[in-house]
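S.K.: My structure is in start-v4.csv, and what it holds is CSV, C-alpha atoms:
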chain,number,residue,atom,x,y,z
A,1,MET,CA,-60.9,110.5,41.4
A,2,THR,CA,-61.7,106.8,40.8
A,3,GLY,CA,-64.2,104.7,42.7
A,4,LYS,CA,-61.3,102.9,44.5
A,5,GLU,CA,-59.8,106.2,45.6
A,6,ILE,CA,-63.2,107.5,46.8
A,7,PHE,CA,-63.7,104.3,48.8
A,8,ALA,CA,-60.2,104.5,50.3
A,9,LEU,CA,-61.1,108.0,51.5
A,10,GLN,CA,-64.4,106.6,52.9
A,11,GLU,CA,-62.4,104.0,54.8
A,12,GLN,CA,-60.1,106.7,56.2
A,13,VAL,CA,-63.1,108.7,57.4
A,14,ALA,CA,-64.9,105.7,58.9
A,15,LEU,CA,-62.0,104.0,60.6
A,16,PHE,CA,-59.9,106.9,61.7
A,17,GLY,CA,-62.2,110.0,61.6
A,18,ASP,CA,-59.7,111.4,59.1
A,19,GLN,CA,-60.7,115.0,58.6
A,20,SER,CA,-58.3,115.5,55.7
A,21,ALA,CA,-59.9,112.6,53.8
A,22,PHE,CA,-63.3,114.0,54.5
A,23,LYS,CA,-62.2,117.4,53.2
A,24,GLN,CA,-61.0,115.7,50.0
A,25,LEU,CA,-64.4,114.0,49.5
A,26,PHE,CA,-66.2,117.3,50.2
A,27,GLY,CA,-64.0,119.2,47.8
A,28,HIS,CA,-64.4,116.5,45.1
A,29,PHE,CA,-68.2,116.4,45.2
A,30,TYR,CA,-69.2,119.9,46.4
A,31,THR,CA,-69.4,121.7,43.1
A,32,GLY,CA,-71.4,119.1,41.2
A,33,LEU,CA,-73.8,118.6,44.1
A,34,PHE,CA,-74.2,122.4,44.5
A,35,GLN,CA,-75.0,122.9,40.8
A,36,PHE,CA,-77.4,120.0,40.9
A,37,ALA,CA,-79.1,121.4,44.0
A,38,MET,CA,-79.2,124.9,42.4
A,39,SER,CA,-80.9,123.5,39.3
A,40,ILE,CA,-83.7,122.3,41.5
A,41,VAL,CA,-84.1,124.9,44.3
A,42,LYS,CA,-83.0,128.0,42.3
A,43,GLU,CA,-81.5,129.7,45.4
A,44,LYS,CA,-77.8,129.8,46.0
A,45,GLU,CA,-77.9,130.0,49.8
A,46,VAL,CA,-80.4,127.1,50.0
A,47,ALA,CA,-78.4,124.9,47.6
A,48,GLU,CA,-75.2,125.6,49.6
A,49,GLU,CA,-76.9,124.9,52.9
A,50,LEU,CA,-78.4,121.6,51.6
A,51,VAL,CA,-75.0,120.3,50.4
A,52,GLU,CA,-73.2,121.4,53.5
A,53,ASP,CA,-75.9,119.9,55.8
A,54,LEU,CA,-75.6,116.6,53.9
A,55,PHE,CA,-71.9,116.5,54.6
A,56,VAL,CA,-72.5,117.3,58.2
A,57,VAL,CA,-74.9,114.3,58.4
A,58,ILE,CA,-72.3,112.1,56.7
A,59,TRP,CA,-69.6,113.3,59.1
A,60,ASN,CA,-71.8,112.6,62.1
A,61,LYS,CA,-72.5,109.1,60.8
A,62,ARG,CA,-68.9,108.6,59.5
A,63,SER,CA,-68.5,105.1,61.1
A,64,THR,CA,-71.1,103.8,58.6
A,65,ILE,CA,-69.8,105.5,55.5
A,66,THR,CA,-68.1,102.3,54.2
A,67,GLN,CA,-71.5,100.7,53.9
A,68,ILE,CA,-72.2,103.1,50.9
A,69,THR,CA,-71.0,101.2,47.8
A,70,ASN,CA,-71.4,104.0,45.3
A,71,PHE,CA,-70.8,107.2,47.2
A,72,LYS,CA,-71.4,109.5,44.2
A,73,VAL,CA,-74.9,108.1,43.5
A,74,TYR,CA,-75.6,108.1,47.2
A,75,LEU,CA,-74.8,111.8,47.4
A,76,TYR,CA,-76.8,112.8,44.3
A,77,VAL,CA,-79.9,110.8,45.5
A,78,ALA,CA,-79.6,112.4,48.9
A,79,ILE,CA,-79.4,115.9,47.5
A,80,ARG,CA,-82.2,115.2,45.1
A,81,ASN,CA,-84.5,114.1,48.0
A,82,ARG,CA,-83.5,117.1,50.1
A,83,CYS,CA,-84.1,119.5,47.2
A,84,LEU,CA,-87.5,118.0,46.5
A,85,ASN,CA,-88.4,118.3,50.2
A,86,VAL,CA,-87.5,122.0,50.1
A,87,VAL,CA,-89.5,122.6,46.9
A,88,ASN,CA,-92.5,120.7,48.3
A,89,ARG,CA,-92.4,122.8,51.5
A,90,LYS,CA,-92.2,126.1,49.5
A,91,MET,CA,-95.0,125.3,47.2
A,92,ASN,CA,-97.1,123.8,50.0
A,93,THR,CA,-97.9,121.0,47.5
A,94,ARG,CA,-96.6,117.6,46.7
A,95,VAL,CA,-94.2,117.6,43.7
A,96,VAL,CA,-94.5,114.2,42.1
A,97,GLY,CA,-90.9,114.2,41.0
A,98,LEU,CA,-88.2,116.0,39.1
A,99,GLU,CA,-90.5,116.2,36.0
A,100,GLN,CA,-92.1,119.2,37.6
A,101,ALA,CA,-88.9,120.9,38.6
A,102,ASP,CA,-87.5,123.6,36.3
A,103,ILE,CA,-84.0,122.4,35.8
A,104,LYS,CA,-81.3,124.8,34.6
A,105,CYS,CA,-78.3,123.6,32.7
A,106,ASN,CA,-75.2,125.6,31.9
A,107,VAL,CA,-73.0,124.9,29.0
A,108,SER,CA,-69.8,126.7,29.5
A,109,VAL,CA,-66.5,127.2,27.7
A,110,PRO,CA,-63.3,126.7,29.7
A,111,ASN,CA,-61.4,130.0,28.9
A,112,PRO,CA,-62.1,133.6,27.9
A,113,GLU,CA,-60.6,133.2,24.4
A,114,ASP,CA,-63.0,130.4,23.7
A,115,ILE,CA,-65.9,132.4,25.1
A,116,LEU,CA,-65.2,135.2,22.6
A,117,ILE,CA,-65.0,132.8,19.7
A,118,ALA,CA,-68.0,130.6,20.6
A,119,SER,CA,-70.3,133.1,22.4
A,120,ASP,CA,-73.0,132.9,19.8
A,121,LEU,CA,-72.8,129.1,19.7
A,122,LEU,CA,-72.9,128.8,23.4
A,123,ARG,CA,-76.0,131.0,23.6
A,124,ARG,CA,-77.7,128.8,21.0
A,125,VAL,CA,-76.7,125.6,22.8
A,126,ASN,CA,-77.9,126.9,26.2
A,127,LYS,CA,-81.2,128.0,24.5
A,128,ALA,CA,-81.5,124.5,23.0
A,129,VAL,CA,-80.8,122.8,26.3
A,130,GLN,CA,-83.3,124.9,28.1
A,131,ALA,CA,-85.9,124.0,25.5
A,132,LEU,CA,-85.5,120.3,26.3
A,133,PRO,CA,-88.3,118.6,28.3
A,134,PRO,CA,-87.6,118.8,32.1
A,135,LYS,CA,-86.7,115.1,32.6
A,136,CYS,CA,-84.6,115.1,29.5
A,137,ARG,CA,-82.8,118.3,30.7
A,138,MET,CA,-82.2,116.7,34.1
A,139,VAL,CA,-80.7,113.6,32.5
A,140,TYR,CA,-78.6,115.7,30.2
A,141,LYS,CA,-77.3,117.7,33.2
A,142,LEU,CA,-76.4,114.7,35.2
A,143,VAL,CA,-74.6,112.9,32.4
A,144,LYS,CA,-73.1,115.7,30.4
A,145,GLU,CA,-72.4,118.3,33.1
A,146,ASP,CA,-72.0,116.3,36.3
A,147,GLY,CA,-70.2,113.4,34.7
A,148,LEU,CA,-72.4,110.6,36.0
A,149,SER,CA,-72.6,107.4,34.0
A,150,TYR,CA,-75.9,106.3,32.4
A,151,LYS,CA,-76.3,103.7,35.2
A,152,GLU,CA,-75.5,106.3,38.0
A,153,ALA,CA,-78.0,108.8,36.5
A,154,ALA,CA,-80.6,106.0,36.2
A,155,GLU,CA,-80.1,105.3,39.9
A,156,VAL,CA,-80.3,108.9,40.9
A,157,LEU,CA,-83.5,109.5,39.0
A,158,ASP,CA,-85.0,106.0,39.7
A,159,ILE,CA,-85.3,105.2,36.0
A,160,SER,CA,-83.7,102.5,33.8
A,161,PRO,CA,-80.3,103.0,32.1
A,162,LYS,CA,-82.2,102.5,28.7
A,163,THR,CA,-84.4,105.5,29.6
A,164,VAL,CA,-81.3,107.6,30.3
A,165,GLU,CA,-79.9,106.5,27.0
A,166,HIS,CA,-83.1,107.5,25.3
A,167,HIS,CA,-83.1,110.9,27.0
A,168,ILE,CA,-79.5,111.6,26.0
A,169,ALA,CA,-80.2,110.6,22.4
A,170,THR,CA,-83.3,112.9,22.3
A,171,ALA,CA,-81.2,115.7,23.8
A,172,VAL,CA,-78.4,115.4,21.3
A,173,ARG,CA,-80.9,115.2,18.4
A,174,LYS,CA,-82.8,118.3,19.6
A,175,ILE,CA,-79.7,120.3,20.3
A,176,ALA,CA,-78.2,119.4,16.9
A,177,ALA,CA,-81.5,120.4,15.2
A,178,ALA,CA,-81.5,123.7,17.1
A,179,LEU,CA,-78.0,124.3,15.8
A,180,ASN,CA,-78.9,123.2,12.3
A,181,ILE,CA,-76.3,120.4,12.4
A,182,ASN,CA,-76.8,117.5,10.1
A,183,PHE,CA,-77.0,114.7,12.7
A,184,ALA,CA,-75.5,112.1,10.3
A,185,THR,CA,-72.5,114.3,9.6
A,186,TRP,CA,-72.2,115.1,13.3
A,187,GLN,CA,-72.1,111.4,14.2
A,188,GLU,CA,-69.4,110.8,11.6
A,189,PHE,CA,-67.4,113.8,13.0
A,190,SER,CA,-67.8,112.7,16.7
A,191,SER,CA,-66.7,109.1,16.0
A,192,SER,CA,-63.7,110.3,14.0
A,193,SER,CA,-62.7,112.8,16.7
A,194,ARG,CA,-62.6,110.0,19.3
A,195,LEU,CA,-59.8,108.3,17.5
Show me the file's structure as structure tokens.
M.R.:
Amino acid sequence: MTGKEIFALQEQVALFGDQSAFKQLFGHFYTGLFQFAMSIVKEKEVAEELVEDLFVVIWNKRSTITQITNFKVYLYVAIRNRCLNVVNRKMNTRVVGLEQADIKCNVSVPNPEDILIASDLLRRVNKAVQALPPKCRMVYKLVKEDGLSYKEAAEVLDISPKTVEHHIATAVRKIAAALNINFATWQEFSSSSRL
């Protein structure tokens, strides 16, 4: 769904209280937000509740939803803050930021046949991703798994887009090293496969 399509749904919700448009927004963002919340709070029920509560708040304030210029970033920042509040309450301490959260990333293969073929590779990739430093792992998850742009991930994490770029480069290098991939050969292959 494009930004224009999302904003059109936001307008439908704000101007007409369109429940169908709201359900489309919920359906479009739920999985990514849930996975992001799970990576921080580590409890399925808590993650589900946080995402659902966020959408309840949005519905209750639906008349102002068109004031949100980048709905995707808004949702991720809101979930991040809610998750950190839960983690802080559980630990009875103040977590400075996402650096202290143990982020889990899942690299998956789309179908069972591919899983059989690539199970060893997937295990190695997941192990390499989990070995990344926490902030690097969070950036990797937002960009590679949740599909946020570098700029959007930077806004969610309150860092610069250059820092996001640096984390992604570090993640790719470390994953390639863990898989014994010659990075120069890998770059040649990736650029030729984009053609």
S.K.: Please measure the separation of CA of Ile58 in chain A and CA of Cys83 in chain A, giving the value in Å to one decimal.
M.R.: 16.9 Å
S.K.: Considering all atoms listed in the file, can you say which of A:Asn85, A:Asn126, A:Ser119, A:Asn180 comes closest to Val41 in chain A?
M.R.: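 When distances to Val41 in chain A are compared using all atoms listed in the file, the smallest one comes from A:Asn85.
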S.K.: Which residue out of A:Leu25, A:Val143, A:Ala178, A:Val172 has the minimum interatomic distance to Gln10 in chain A when only C-alpha atoms are used?
M.R.: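 Of all the options, A:Leu25 lies closest to Gln10 in chain A.
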S.K.: Suppose you want the space between CA of Leu50 in chain A and CA of Gly27 in chain A; what is it in Å?
M.R.: 15.1 Å
S.K.: By how many Å are CA of Cys136 in chain A and CA of Ala171 in chain A apart?
M.R.: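 If I compute the distance from CA of Cys136 in chain A to CA of Ala171 in chain A, I get 6.7 Å.
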S.K.: Given only C-alpha atoms as the basis, pick out the residue of A:Arg124, A:Leu33, A:Val139, A:His167 nearest to Tyr74 in chain A.
M.R.: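 Going through A:Arg124, A:Leu33, A:Val139, A:His167 one by one, the smallest distance to Tyr74 in chain A is for A:Leu33.
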S.K.: So which one's closest to Thr2 in chain A, A:His166, A:Arg62, A:Lys144, A:Lys72? Using all atoms listed in the file, please.
M.R.: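 So, comparing all the options, the nearest one is A:Lys72.
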S.K.: Taking only C-alpha atoms into account, which of A:Lys162, A:Lys174, A:Glu145, A:Val156 comes nearest Pro133 in chain A?
M.R.: A:Lys174
S.K.: For Met138 in chain A, which residue among A:Leu54, A:Phe36, A:Thr163, A:Leu75 is the nearest when counting all atoms listed in the file?
M.R.: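 Using all atoms listed in the file, the shortest distance to Met138 in chain A belongs to A:Phe36.
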S.K.: When you look at Ser160 in chain A with a cut-off of 9 Å (counting all atoms listed in the file), what residues show up, excluding the ones that are within fewer than 6 positions of it in the same chain? I need them as a list of chain:residue names.
M.R.: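 Counting only the stated atoms, we get A:Tyr150, A:Lys151, A:Ala153, A:Ala154.
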S.K.: Hey, can you spit out that residue selection with C-alpha atoms as a compact mmCIF listing (two decimals), keeping the file's coordinate frame?
M.R.:
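Contents of the output file again-v3.txt:
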# COMPACT_ATOMS: atom_id res chain seq x y z
CA TYR A 150 -75.90 106.30 32.40
CA LYS A 151 -76.30 103.70 35.20
CA ALA A 153 -78.00 108.80 36.50
CA ALA A 154 -80.60 106.00 36.20
S.K.: As an NGL selection string, please: the residues near Ser149 in chain A (cut-off 10 Å, only C-alpha atoms, same-chain neighbours under 6 positions excluded).
M.R.: :A and (73 or 142-143 or 155 or 161 or 164)
S.K.: Skip Gln24 in chain A itself and residues of its chain fewer than 4 positions away, then list as a VMD selection string all residues within 8 Å of it, counting only C-alpha atoms.
M.R.: chain A and resid 9 20 28
S.K.: Give me the residues within 12 Å of Met38 in chain A as JSON, numbers by chain, counting all atoms listed in the file and dropping any in the same chain fewer than 2 places off.
M.R.: {"A": [30, 31, 32, 33, 34, 35, 36, 40, 41, 42, 43, 44, 45, 46, 47, 48, 49, 50, 51, 79, 80, 82, 83, 84, 86, 87, 101, 102, 103, 104, 105, 106, 141]}
S.K.: List the spatial neighbours of Gln12 in chain A as number ranges by chain - criterion: any atom at most 10 Å away, all atoms listed in the file, same-chain residues fewer than 2 positions off excluded.
M.R.: A: 6-10, 14-22, 62-63, 65-66
